[in-house]
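The data block below is final.cif; it holds mmCIF, N, CA and C atoms.
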data_protein
#
loop_
_atom_site.label_atom_id
_atom_site.label_comp_id
_atom_site.auth_asym_id
_atom_site.auth_seq_id
_atom_site.Cartn_x
_atom_site.Cartn_y
_atom_site.Cartn_z
N MET A 195 0.82 -1.19 0.00
CA MET A 195 0.00 0.00 0.00
C MET A 195 0.87 1.26 0.00
N LYS A 196 1.96 1.18 0.79
CA LYS A 196 2.87 2.31 0.87
C LYS A 196 3.51 2.58 -0.50
N LYS A 197 3.77 1.54 -1.25
CA LYS A 197 4.37 1.67 -2.57
C LYS A 197 3.40 2.38 -3.53
N ILE A 198 2.13 2.08 -3.45
CA ILE A 198 1.11 2.71 -4.31
C ILE A 198 1.00 4.20 -3.97
N ILE A 199 0.99 4.52 -2.68
CA ILE A 199 0.89 5.93 -2.26
C ILE A 199 2.13 6.69 -2.72
N ASN A 200 3.30 6.08 -2.55
CA ASN A 200 4.53 6.73 -3.02
C ASN A 200 4.51 6.94 -4.53
N SER A 201 3.98 5.99 -5.27
CA SER A 201 3.88 6.13 -6.73
C SER A 201 2.94 7.25 -7.12
N ILE A 202 1.81 7.35 -6.42
CA ILE A 202 0.83 8.42 -6.70
C ILE A 202 1.44 9.78 -6.38
N VAL A 203 2.10 9.90 -5.25
CA VAL A 203 2.74 11.16 -4.86
C VAL A 203 3.82 11.53 -5.86
N LEU A 204 4.63 10.58 -6.25
CA LEU A 204 5.67 10.83 -7.24
C LEU A 204 5.08 11.27 -8.57
N PHE A 205 3.99 10.64 -8.98
CA PHE A 205 3.32 11.01 -10.22
C PHE A 205 2.83 12.46 -10.17
N PHE A 206 2.16 12.84 -9.05
CA PHE A 206 1.65 14.19 -8.93
C PHE A 206 2.76 15.22 -8.82
N MET A 207 3.86 14.87 -8.17
CA MET A 207 4.99 15.80 -8.09
C MET A 207 5.59 16.03 -9.48
N THR A 208 5.70 14.96 -10.25
CA THR A 208 6.20 15.07 -11.62
C THR A 208 5.26 15.93 -12.45
N LEU A 209 3.98 15.71 -12.30
CA LEU A 209 2.97 16.48 -13.03
C LEU A 209 3.06 17.96 -12.69
N VAL A 210 3.21 18.27 -11.40
CA VAL A 210 3.34 19.67 -10.97
C VAL A 210 4.60 20.30 -11.53
N LEU A 211 5.69 19.58 -11.50
CA LEU A 211 6.95 20.12 -12.02
C LEU A 211 6.87 20.38 -13.53
N LEU A 212 6.26 19.48 -14.27
CA LEU A 212 6.18 19.64 -15.71
C LEU A 212 5.21 20.74 -16.12
N THR A 213 4.13 20.89 -15.38
CA THR A 213 3.14 21.92 -15.75
C THR A 213 3.57 23.31 -15.32
N SER A 214 4.53 23.41 -14.43
CA SER A 214 4.97 24.73 -13.98
C SER A 214 6.11 25.28 -14.82
N CYS A 215 6.58 24.53 -15.80
CA CYS A 215 7.68 25.00 -16.65
C CYS A 215 7.19 26.12 -17.55
N ASP A 216 8.05 27.10 -17.79
CA ASP A 216 7.72 28.20 -18.68
C ASP A 216 7.90 27.75 -20.12
N ARG A 217 6.82 27.79 -20.90
CA ARG A 217 6.88 27.31 -22.27
C ARG A 217 6.58 28.41 -23.29
N ASP A 218 6.71 29.66 -22.90
CA ASP A 218 6.45 30.76 -23.83
C ASP A 218 7.60 30.88 -24.80
N VAL A 219 7.35 30.43 -26.03
CA VAL A 219 8.38 30.47 -27.06
C VAL A 219 7.79 31.24 -28.24
N ASP A 220 8.51 32.24 -28.70
CA ASP A 220 8.06 33.02 -29.85
C ASP A 220 8.85 32.59 -31.07
N PHE A 221 8.14 32.32 -32.15
CA PHE A 221 8.77 31.98 -33.41
C PHE A 221 8.51 33.11 -34.40
N GLU A 222 9.55 33.53 -35.06
CA GLU A 222 9.39 34.57 -36.07
C GLU A 222 8.73 33.96 -37.30
N THR A 223 7.67 34.61 -37.75
CA THR A 223 6.97 34.13 -38.94
C THR A 223 7.55 34.83 -40.15
N ILE A 224 7.98 34.05 -41.11
CA ILE A 224 8.55 34.60 -42.33
C ILE A 224 7.56 34.34 -43.46
N SER A 225 7.13 35.40 -44.11
CA SER A 225 6.18 35.26 -45.20
C SER A 225 6.91 34.70 -46.42
N VAL A 226 6.45 33.57 -46.89
CA VAL A 226 7.06 32.96 -48.06
C VAL A 226 6.15 33.05 -49.28
N THR A 227 4.89 33.39 -49.08
CA THR A 227 3.94 33.49 -50.18
C THR A 227 3.37 34.90 -50.19
N PRO A 228 3.75 35.72 -51.17
CA PRO A 228 3.20 37.07 -51.21
C PRO A 228 1.69 37.03 -51.45
N PRO A 229 0.95 38.02 -50.95
CA PRO A 229 -0.50 38.04 -51.16
C PRO A 229 -0.84 38.09 -52.66
N SER A 230 -1.85 37.34 -53.04
CA SER A 230 -2.31 37.36 -54.43
C SER A 230 -3.73 36.82 -54.51
N VAL A 231 -4.39 37.11 -55.62
CA VAL A 231 -5.70 36.54 -55.92
C VAL A 231 -5.56 35.75 -57.21
N ASN A 232 -5.96 34.49 -57.17
CA ASN A 232 -5.95 33.63 -58.34
C ASN A 232 -7.38 33.38 -58.77
N VAL A 233 -7.69 33.69 -60.02
CA VAL A 233 -9.02 33.47 -60.57
C VAL A 233 -8.94 32.30 -61.54
N ILE A 234 -9.75 31.27 -61.29
CA ILE A 234 -9.81 30.11 -62.17
C ILE A 234 -11.12 30.20 -62.95
N VAL A 235 -11.02 30.12 -64.28
CA VAL A 235 -12.21 30.16 -65.15
C VAL A 235 -12.48 28.73 -65.62
N TYR A 236 -13.66 28.22 -65.26
CA TYR A 236 -14.02 26.87 -65.65
C TYR A 236 -15.34 26.89 -66.42
N VAL A 237 -15.62 25.80 -67.14
CA VAL A 237 -16.71 25.78 -68.11
C VAL A 237 -17.81 24.82 -67.68
N GLY A 238 -19.06 25.30 -67.77
CA GLY A 238 -20.23 24.46 -67.60
C GLY A 238 -20.38 23.79 -66.26
N GLY A 239 -19.88 24.38 -65.21
CA GLY A 239 -20.03 23.80 -63.88
C GLY A 239 -19.03 22.70 -63.56
N ASN A 240 -18.16 22.35 -64.49
CA ASN A 240 -17.16 21.30 -64.27
C ASN A 240 -15.82 21.97 -64.00
N GLN A 241 -15.37 21.95 -62.75
CA GLN A 241 -14.14 22.65 -62.39
C GLN A 241 -12.89 22.01 -62.98
N ASN A 242 -13.03 20.85 -63.58
CA ASN A 242 -11.89 20.21 -64.25
C ASN A 242 -11.71 20.70 -65.68
N VAL A 243 -12.75 21.33 -66.25
CA VAL A 243 -12.67 21.85 -67.62
C VAL A 243 -12.41 23.35 -67.52
N ARG A 244 -11.20 23.76 -67.86
CA ARG A 244 -10.79 25.16 -67.73
C ARG A 244 -10.86 25.88 -69.06
N SER A 245 -11.03 27.18 -69.01
CA SER A 245 -11.12 28.00 -70.21
C SER A 245 -9.81 28.73 -70.46
N THR A 246 -9.11 28.34 -71.51
CA THR A 246 -7.85 28.96 -71.90
C THR A 246 -8.14 30.24 -72.68
N ASN A 247 -7.33 31.27 -72.47
CA ASN A 247 -7.44 32.57 -73.15
C ASN A 247 -8.77 33.26 -72.92
N ALA A 248 -9.40 32.98 -71.80
CA ALA A 248 -10.63 33.70 -71.44
C ALA A 248 -10.25 35.11 -71.00
N THR A 249 -11.09 36.07 -71.30
CA THR A 249 -10.87 37.44 -70.87
C THR A 249 -11.53 37.61 -69.51
N VAL A 250 -10.73 38.01 -68.53
CA VAL A 250 -11.23 38.21 -67.17
C VAL A 250 -11.09 39.68 -66.82
N VAL A 251 -12.21 40.30 -66.46
CA VAL A 251 -12.22 41.70 -66.06
C VAL A 251 -12.44 41.74 -64.55
N ILE A 252 -11.52 42.39 -63.85
CA ILE A 252 -11.59 42.48 -62.39
C ILE A 252 -11.90 43.93 -62.03
N SER A 253 -12.99 44.12 -61.31
CA SER A 253 -13.42 45.46 -60.92
C SER A 253 -13.70 45.51 -59.43
N LYS A 254 -13.57 46.69 -58.86
CA LYS A 254 -13.89 46.90 -57.46
C LYS A 254 -15.37 47.25 -57.34
N ILE A 255 -16.00 46.78 -56.28
CA ILE A 255 -17.39 47.13 -55.99
C ILE A 255 -17.40 48.38 -55.12
N ASN A 256 -18.22 49.36 -55.48
CA ASN A 256 -18.35 50.59 -54.70
C ASN A 256 -19.00 50.24 -53.37
N PRO A 257 -18.31 50.46 -52.24
CA PRO A 257 -18.88 50.09 -50.94
C PRO A 257 -20.12 50.91 -50.57
N ALA A 258 -20.25 52.10 -51.15
CA ALA A 258 -21.38 52.97 -50.81
C ALA A 258 -22.70 52.46 -51.37
N ASP A 259 -22.68 52.00 -52.64
CA ASP A 259 -23.96 51.60 -53.25
C ASP A 259 -23.95 50.20 -53.87
N GLY A 260 -22.83 49.50 -53.82
CA GLY A 260 -22.77 48.13 -54.31
C GLY A 260 -22.67 47.98 -55.82
N THR A 261 -22.39 49.07 -56.53
CA THR A 261 -22.28 48.99 -57.99
C THR A 261 -20.84 48.67 -58.39
N VAL A 262 -20.70 48.10 -59.59
CA VAL A 262 -19.38 47.81 -60.12
C VAL A 262 -18.75 49.11 -60.58
N MET A 263 -17.55 49.38 -60.08
CA MET A 263 -16.87 50.63 -60.44
C MET A 263 -16.23 50.48 -61.81
N THR A 264 -16.46 51.46 -62.66
CA THR A 264 -15.87 51.46 -64.00
C THR A 264 -14.99 52.70 -64.11
N PRO A 265 -13.95 52.70 -64.89
CA PRO A 265 -13.48 51.58 -65.68
C PRO A 265 -12.94 50.47 -64.77
N SER A 266 -12.83 49.28 -65.32
CA SER A 266 -12.38 48.14 -64.52
C SER A 266 -10.93 48.35 -64.09
N SER A 267 -10.58 47.66 -63.03
CA SER A 267 -9.22 47.77 -62.52
C SER A 267 -8.22 47.04 -63.41
N PHE A 268 -8.58 45.83 -63.82
CA PHE A 268 -7.67 45.02 -64.62
C PHE A 268 -8.45 44.16 -65.60
N THR A 269 -7.88 43.97 -66.79
CA THR A 269 -8.38 43.01 -67.76
C THR A 269 -7.21 42.10 -68.10
N LYS A 270 -7.40 40.79 -67.90
CA LYS A 270 -6.32 39.84 -68.13
C LYS A 270 -6.85 38.64 -68.89
N GLN A 271 -5.93 37.90 -69.51
CA GLN A 271 -6.25 36.66 -70.23
C GLN A 271 -5.84 35.47 -69.36
N SER A 272 -6.70 34.45 -69.33
CA SER A 272 -6.35 33.25 -68.58
C SER A 272 -5.28 32.46 -69.32
N ASP A 273 -4.44 31.77 -68.55
CA ASP A 273 -3.36 30.99 -69.14
C ASP A 273 -3.85 29.60 -69.55
N ALA A 274 -2.93 28.71 -69.84
CA ALA A 274 -3.28 27.36 -70.30
C ALA A 274 -4.04 26.56 -69.25
N THR A 275 -3.92 26.94 -67.98
CA THR A 275 -4.64 26.23 -66.92
C THR A 275 -5.94 26.93 -66.55
N GLY A 276 -6.33 27.96 -67.33
CA GLY A 276 -7.55 28.70 -67.04
C GLY A 276 -7.41 29.64 -65.87
N SER A 277 -6.20 30.04 -65.54
CA SER A 277 -5.92 30.83 -64.35
C SER A 277 -5.44 32.24 -64.69
N VAL A 278 -5.86 33.18 -63.85
CA VAL A 278 -5.39 34.57 -63.92
C VAL A 278 -4.93 34.92 -62.52
N LYS A 279 -3.77 35.58 -62.42
CA LYS A 279 -3.25 35.93 -61.10
C LYS A 279 -3.11 37.43 -60.96
N LEU A 280 -3.64 37.95 -59.85
CA LEU A 280 -3.45 39.35 -59.48
C LEU A 280 -2.37 39.37 -58.41
N THR A 281 -1.29 40.07 -58.67
CA THR A 281 -0.18 40.14 -57.72
C THR A 281 -0.49 41.13 -56.61
N ASN A 282 0.35 41.14 -55.59
CA ASN A 282 0.18 42.09 -54.50
C ASN A 282 0.28 43.53 -54.99
N ALA A 283 1.18 43.81 -55.93
CA ALA A 283 1.30 45.17 -56.48
C ALA A 283 0.01 45.60 -57.17
N GLU A 284 -0.63 44.68 -57.89
CA GLU A 284 -1.90 45.00 -58.55
C GLU A 284 -3.01 45.17 -57.52
N LEU A 285 -3.00 44.35 -56.47
CA LEU A 285 -4.00 44.48 -55.42
C LEU A 285 -3.88 45.80 -54.68
N LEU A 286 -2.64 46.30 -54.54
CA LEU A 286 -2.44 47.60 -53.90
C LEU A 286 -3.04 48.73 -54.73
N GLN A 287 -3.14 48.54 -56.05
CA GLN A 287 -3.78 49.55 -56.90
C GLN A 287 -5.30 49.55 -56.68
N ILE A 288 -5.85 48.38 -56.39
CA ILE A 288 -7.30 48.28 -56.15
C ILE A 288 -7.62 48.69 -54.72
N PHE A 289 -6.89 48.11 -53.77
CA PHE A 289 -7.11 48.37 -52.35
C PHE A 289 -5.83 48.94 -51.74
N PRO A 290 -5.68 50.28 -51.69
CA PRO A 290 -4.48 50.87 -51.10
C PRO A 290 -4.37 50.51 -49.61
N GLU A 291 -3.18 50.71 -49.07
CA GLU A 291 -2.95 50.43 -47.65
C GLU A 291 -3.91 51.27 -46.81
N PRO A 292 -4.66 50.65 -45.90
CA PRO A 292 -5.60 51.41 -45.05
C PRO A 292 -4.90 52.01 -43.84
N ALA A 293 -5.68 52.71 -43.04
CA ALA A 293 -5.15 53.25 -41.79
C ALA A 293 -4.73 52.11 -40.89
N ALA A 294 -3.85 52.42 -39.96
CA ALA A 294 -3.33 51.39 -39.05
C ALA A 294 -4.46 50.67 -38.33
N GLY A 295 -4.34 49.36 -38.29
CA GLY A 295 -5.33 48.56 -37.58
C GLY A 295 -6.54 48.17 -38.40
N GLN A 296 -6.66 48.67 -39.61
CA GLN A 296 -7.81 48.36 -40.46
C GLN A 296 -7.39 47.33 -41.51
N PRO A 297 -8.28 46.38 -41.82
CA PRO A 297 -7.94 45.40 -42.86
C PRO A 297 -8.02 46.04 -44.25
N ARG A 298 -7.21 45.52 -45.16
CA ARG A 298 -7.27 46.00 -46.55
C ARG A 298 -8.16 45.05 -47.31
N GLY A 299 -9.13 45.58 -48.00
CA GLY A 299 -9.98 44.71 -48.79
C GLY A 299 -11.31 45.37 -49.11
N GLY A 300 -12.19 44.58 -49.65
CA GLY A 300 -13.51 45.02 -50.06
C GLY A 300 -14.09 43.97 -50.98
N LYS A 301 -15.07 44.36 -51.77
CA LYS A 301 -15.68 43.41 -52.70
C LYS A 301 -15.11 43.59 -54.10
N LEU A 302 -14.89 42.45 -54.75
CA LEU A 302 -14.42 42.44 -56.13
C LEU A 302 -15.46 41.80 -57.03
N HIS A 303 -15.52 42.26 -58.25
CA HIS A 303 -16.40 41.69 -59.26
C HIS A 303 -15.53 41.10 -60.36
N PHE A 304 -15.76 39.82 -60.67
CA PHE A 304 -15.02 39.14 -61.72
C PHE A 304 -15.98 38.82 -62.84
N SER A 305 -15.62 39.24 -64.05
CA SER A 305 -16.42 38.94 -65.23
C SER A 305 -15.51 38.21 -66.22
N ALA A 306 -15.96 37.02 -66.64
CA ALA A 306 -15.12 36.22 -67.54
C ALA A 306 -15.88 35.90 -68.81
N LYS A 307 -15.16 35.90 -69.93
CA LYS A 307 -15.74 35.58 -71.23
C LYS A 307 -14.77 34.67 -71.96
N SER A 308 -15.30 33.59 -72.56
CA SER A 308 -14.45 32.63 -73.27
C SER A 308 -13.78 33.29 -74.47
N ALA A 309 -12.73 32.64 -74.98
CA ALA A 309 -11.97 33.18 -76.10
C ALA A 309 -12.84 33.38 -77.34
N ASP A 310 -13.84 32.51 -77.52
CA ASP A 310 -14.73 32.64 -78.68
C ASP A 310 -15.94 33.54 -78.41
N ASN A 311 -16.00 34.16 -77.23
CA ASN A 311 -17.07 35.07 -76.80
C ASN A 311 -18.45 34.41 -76.74
N LEU A 312 -18.52 33.09 -76.68
CA LEU A 312 -19.81 32.39 -76.63
C LEU A 312 -20.25 32.08 -75.20
N LYS A 313 -19.31 32.02 -74.28
CA LYS A 313 -19.63 31.69 -72.90
C LYS A 313 -19.16 32.82 -71.99
N SER A 314 -19.94 33.09 -70.95
CA SER A 314 -19.55 34.13 -70.01
C SER A 314 -20.10 33.82 -68.63
N GLY A 315 -19.55 34.48 -67.65
CA GLY A 315 -20.00 34.32 -66.27
C GLY A 315 -19.43 35.42 -65.40
N THR A 316 -20.06 35.61 -64.25
CA THR A 316 -19.60 36.64 -63.31
C THR A 316 -19.58 36.08 -61.89
N LEU A 317 -18.85 36.76 -61.04
CA LEU A 317 -18.75 36.41 -59.63
C LEU A 317 -18.44 37.67 -58.86
N THR A 318 -19.14 37.87 -57.75
CA THR A 318 -18.82 38.95 -56.83
C THR A 318 -18.40 38.31 -55.52
N SER A 319 -17.28 38.75 -54.99
CA SER A 319 -16.73 38.10 -53.81
C SER A 319 -16.03 39.11 -52.92
N THR A 320 -16.09 38.86 -51.62
CA THR A 320 -15.39 39.69 -50.65
C THR A 320 -13.92 39.27 -50.61
N TYR A 321 -13.05 40.25 -50.53
CA TYR A 321 -11.62 39.97 -50.46
C TYR A 321 -11.02 40.76 -49.31
N ILE A 322 -10.32 40.06 -48.42
CA ILE A 322 -9.55 40.70 -47.36
C ILE A 322 -8.12 40.22 -47.53
N ASN A 323 -7.22 41.15 -47.78
CA ASN A 323 -5.83 40.80 -48.01
C ASN A 323 -5.11 40.61 -46.68
N MET A 324 -4.63 39.42 -46.48
CA MET A 324 -3.84 39.14 -45.29
C MET A 324 -2.38 39.51 -45.58
N THR A 325 -1.50 39.22 -44.65
CA THR A 325 -0.10 39.57 -44.84
C THR A 325 0.59 38.66 -45.84
N ASP A 326 0.06 37.46 -46.04
CA ASP A 326 0.61 36.59 -47.05
C ASP A 326 -0.43 35.55 -47.43
N GLY A 327 -0.14 34.83 -48.49
CA GLY A 327 -1.03 33.76 -48.91
C GLY A 327 -1.82 34.08 -50.15
N GLU A 328 -2.34 33.03 -50.76
CA GLU A 328 -3.11 33.17 -51.99
C GLU A 328 -4.59 33.01 -51.70
N THR A 329 -5.40 33.80 -52.38
CA THR A 329 -6.85 33.68 -52.32
C THR A 329 -7.31 33.15 -53.67
N TRP A 330 -8.21 32.19 -53.67
CA TRP A 330 -8.68 31.57 -54.92
C TRP A 330 -10.14 31.91 -55.15
N GLN A 331 -10.46 32.30 -56.38
CA GLN A 331 -11.83 32.56 -56.81
C GLN A 331 -12.10 31.72 -58.05
N TRP A 332 -13.26 31.12 -58.11
CA TRP A 332 -13.63 30.25 -59.24
C TRP A 332 -14.81 30.87 -59.96
N VAL A 333 -14.65 31.15 -61.27
CA VAL A 333 -15.73 31.74 -62.08
C VAL A 333 -16.19 30.71 -63.10
N ASN A 334 -17.48 30.40 -63.05
CA ASN A 334 -18.08 29.45 -63.97
C ASN A 334 -18.63 30.19 -65.19
N ILE A 335 -18.21 29.79 -66.39
CA ILE A 335 -18.78 30.39 -67.60
C ILE A 335 -19.62 29.34 -68.30
N GLN A 336 -20.76 29.80 -68.82
CA GLN A 336 -21.69 28.89 -69.51
C GLN A 336 -22.18 29.51 -70.79
#

Take the structure in this file and express it as structure tokens.
Amino acid sequence: MKKIINSIVLFFMTLVLLTSCDRDVDFETISVTPPSVNVIVYVGGNQNVRSTNATVVISKINPADGTVMTPSSFTKQSDATGSVKLTNAELLQIFPEPAAGQPRGGKLHFSAKSADNLKSGTLTSTYINMTDGETWQWVNIQ
């Protein structure tokens, strides 16, 4: 019985010693992926069928009334994978750096049209730019 009590006391003493250790460790976060928005243009609801050379128009939504601001911010062509990328420099043109403590972002409107101009589609989406990482938007054209 004495052995069991000694084992229990030893266990609790070990537990107390381990839980009282200072474990505050700070790791420096290094951004390896610059902020960007990737727009994927796909056809007929099938995300595996991508639209090459589709024209993608990216516009900012007016926060006051919800209308698409013209002229558009960017017009780009999708690549062989049906993708268009907005870099951080381009995003800064759409959403300038805000006041300290405020997030950068707003609503974006994506309008896509196939290379043969027979299929089109739109998407409106909220975008908040973090310090790093990619944001993906999928536009279905039909």

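Residues of protein, DNA and RNA with at least one atom no farther than 8 Å from (-13.0, 32.8, -63.7) are, using only C-alpha atoms, Val233, Ile234, Val235, Tyr236, Val250, Gly276, Ser277, Val278, Phe304, Ser305, Ala306, Gly315, Thr316, Leu317, Gln331, Trp332, Val333, Asn334 and Ile335 of chain A.
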
Please save N, CA and C atoms of the selected residues as a PDB file, keeping the file's coordinate frame.
ATOM      1  N   VAL A 233      -7.690  33.690 -60.020  1.00  0.00           N
ATOM      2  CA  VAL A 233      -9.020  33.470 -60.570  1.00  0.00           C
ATOM      3  C   VAL A 233      -8.940  32.300 -61.540  1.00  0.00           C
ATOM      4  N   ILE A 234      -9.750  31.270 -61.290  1.00  0.00           N
ATOM      5  CA  ILE A 234      -9.810  30.110 -62.170  1.00  0.00           C
ATOM      6  C   ILE A 234     -11.120  30.200 -62.950  1.00  0.00           C
ATOM      7  N   VAL A 235     -11.020  30.120 -64.280  1.00  0.00           N
ATOM      8  CA  VAL A 235     -12.210  30.160 -65.150  1.00  0.00           C
ATOM      9  C   VAL A 235     -12.480  28.730 -65.620  1.00  0.00           C
ATOM     10  N   TYR A 236     -13.660  28.220 -65.260  1.00  0.00           N
ATOM     11  CA  TYR A 236     -14.020  26.870 -65.650  1.00  0.00           C
ATOM     12  C   TYR A 236     -15.340  26.890 -66.420  1.00  0.00           C
ATOM     13  N   VAL A 250     -10.730  38.010 -68.530  1.00  0.00           N
ATOM     14  CA  VAL A 250     -11.230  38.210 -67.170  1.00  0.00           C
ATOM     15  C   VAL A 250     -11.090  39.680 -66.820  1.00  0.00           C
ATOM     16  N   GLY A 276      -6.330  27.960 -67.330  1.00  0.00           N
ATOM     17  CA  GLY A 276      -7.550  28.700 -67.040  1.00  0.00           C
ATOM     18  C   GLY A 276      -7.410  29.640 -65.870  1.00  0.00           C
ATOM     19  N   SER A 277      -6.200  30.040 -65.540  1.00  0.00           N
ATOM     20  CA  SER A 277      -5.920  30.830 -64.350  1.00  0.00           C
ATOM     21  C   SER A 277      -5.440  32.240 -64.690  1.00  0.00           C
ATOM     22  N   VAL A 278      -5.860  33.180 -63.850  1.00  0.00           N
ATOM     23  CA  VAL A 278      -5.390  34.570 -63.920  1.00  0.00           C
ATOM     24  C   VAL A 278      -4.930  34.920 -62.520  1.00  0.00           C
ATOM     25  N   PHE A 304     -15.760  39.820 -60.670  1.00  0.00           N
ATOM     26  CA  PHE A 304     -15.020  39.140 -61.720  1.00  0.00           C
ATOM     27  C   PHE A 304     -15.980  38.820 -62.840  1.00  0.00           C
ATOM     28  N   SER A 305     -15.620  39.240 -64.050  1.00  0.00           N
ATOM     29  CA  SER A 305     -16.420  38.940 -65.230  1.00  0.00           C
ATOM     30  C   SER A 305     -15.510  38.210 -66.220  1.00  0.00           C
ATOM     31  N   ALA A 306     -15.960  37.020 -66.640  1.00  0.00           N
ATOM     32  CA  ALA A 306     -15.120  36.220 -67.540  1.00  0.00           C
ATOM     33  C   ALA A 306     -15.880  35.900 -68.810  1.00  0.00           C
ATOM     34  N   GLY A 315     -19.550  34.480 -67.650  1.00  0.00           N
ATOM     35  CA  GLY A 315     -20.000  34.320 -66.270  1.00  0.00           C
ATOM     36  C   GLY A 315     -19.430  35.420 -65.400  1.00  0.00           C
ATOM     37  N   THR A 316     -20.060  35.610 -64.250  1.00  0.00           N
ATOM     38  CA  THR A 316     -19.600  36.640 -63.310  1.00  0.00           C
ATOM     39  C   THR A 316     -19.580  36.080 -61.890  1.00  0.00           C
ATOM     40  N   LEU A 317     -18.850  36.760 -61.040  1.00  0.00           N
ATOM     41  CA  LEU A 317     -18.750  36.410 -59.630  1.00  0.00           C
ATOM     42  C   LEU A 317     -18.440  37.670 -58.860  1.00  0.00           C
ATOM     43  N   GLN A 331     -10.460  32.300 -56.380  1.00  0.00           N
ATOM     44  CA  GLN A 331     -11.830  32.560 -56.810  1.00  0.00           C
ATOM     45  C   GLN A 331     -12.100  31.720 -58.050  1.00  0.00           C
ATOM     46  N   TRP A 332     -13.260  31.120 -58.110  1.00  0.00           N
ATOM     47  CA  TRP A 332     -13.630  30.250 -59.240  1.00  0.00           C
ATOM     48  C   TRP A 332     -14.810  30.870 -59.960  1.00  0.00           C
ATOM     49  N   VAL A 333     -14.650  31.150 -61.270  1.00  0.00           N
ATOM     50  CA  VAL A 333     -15.730  31.740 -62.080  1.00  0.00           C
ATOM     51  C   VAL A 333     -16.190  30.710 -63.100  1.00  0.00           C
ATOM     52  N   ASN A 334     -17.480  30.400 -63.050  1.00  0.00           N
ATOM     53  CA  ASN A 334     -18.080  29.450 -63.970  1.00  0.00           C
ATOM     54  C   ASN A 334     -18.630  30.190 -65.190  1.00  0.00           C
ATOM     55  N   ILE A 335     -18.210  29.790 -66.390  1.00  0.00           N
ATOM     56  CA  ILE A 335     -18.780  30.390 -67.600  1.00  0.00           C
ATOM     57  C   ILE A 335     -19.620  29.340 -68.300  1.00  0.00           C
TER      58      ILE A 335
END

*Starting from the shown file, work through the PyMOL selection byres ((chain A and resi 231) around 6.5) and note down what comes out as a VMD selection string.*
chain A and resid 229 to 230 232 to 233 278 to 282 328 to 331

_as a PyMOL selection string, please: every residue in chain A that a backbone DSSP assignment puts in strand (DSSP E or B)._
chain A and resi 230-237+240-244+249-255+262+268-271+277-280+298-307+314-323+328-335

*Which is closer to Val251 of chain A than all the others in A:Lys313, A:Lys196, A:Lys307, A:Lys301, using all atoms listed in the file?*
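Looking at the shortest contact to Val251 of chain A, the residue is A:Lys307.
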
*In Å, rounded to a single decimal, give me how far atom C of Gln336 of chain A is from atom CA of Glu284 of chain A.*
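Distance between the two atoms: 28.3 Å.
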
*Go through the shown structure with the PyMOL selection byres ((chain A and resi 268) around 6) and write out the matching residues as a VMD selection string.*
chain A and resid 250 to 253 266 to 267 269 to 270

*Just the alpha helix (DSSP H) stuff from segment 265-314 of chain A, please, per backbone DSSP, written as a ChimeraX atom specification.*
/A:282-288

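In this model, the gap between atom N of Gln296 of chain A and atom N of Pro257 of chain A comes to 17.3 Å.
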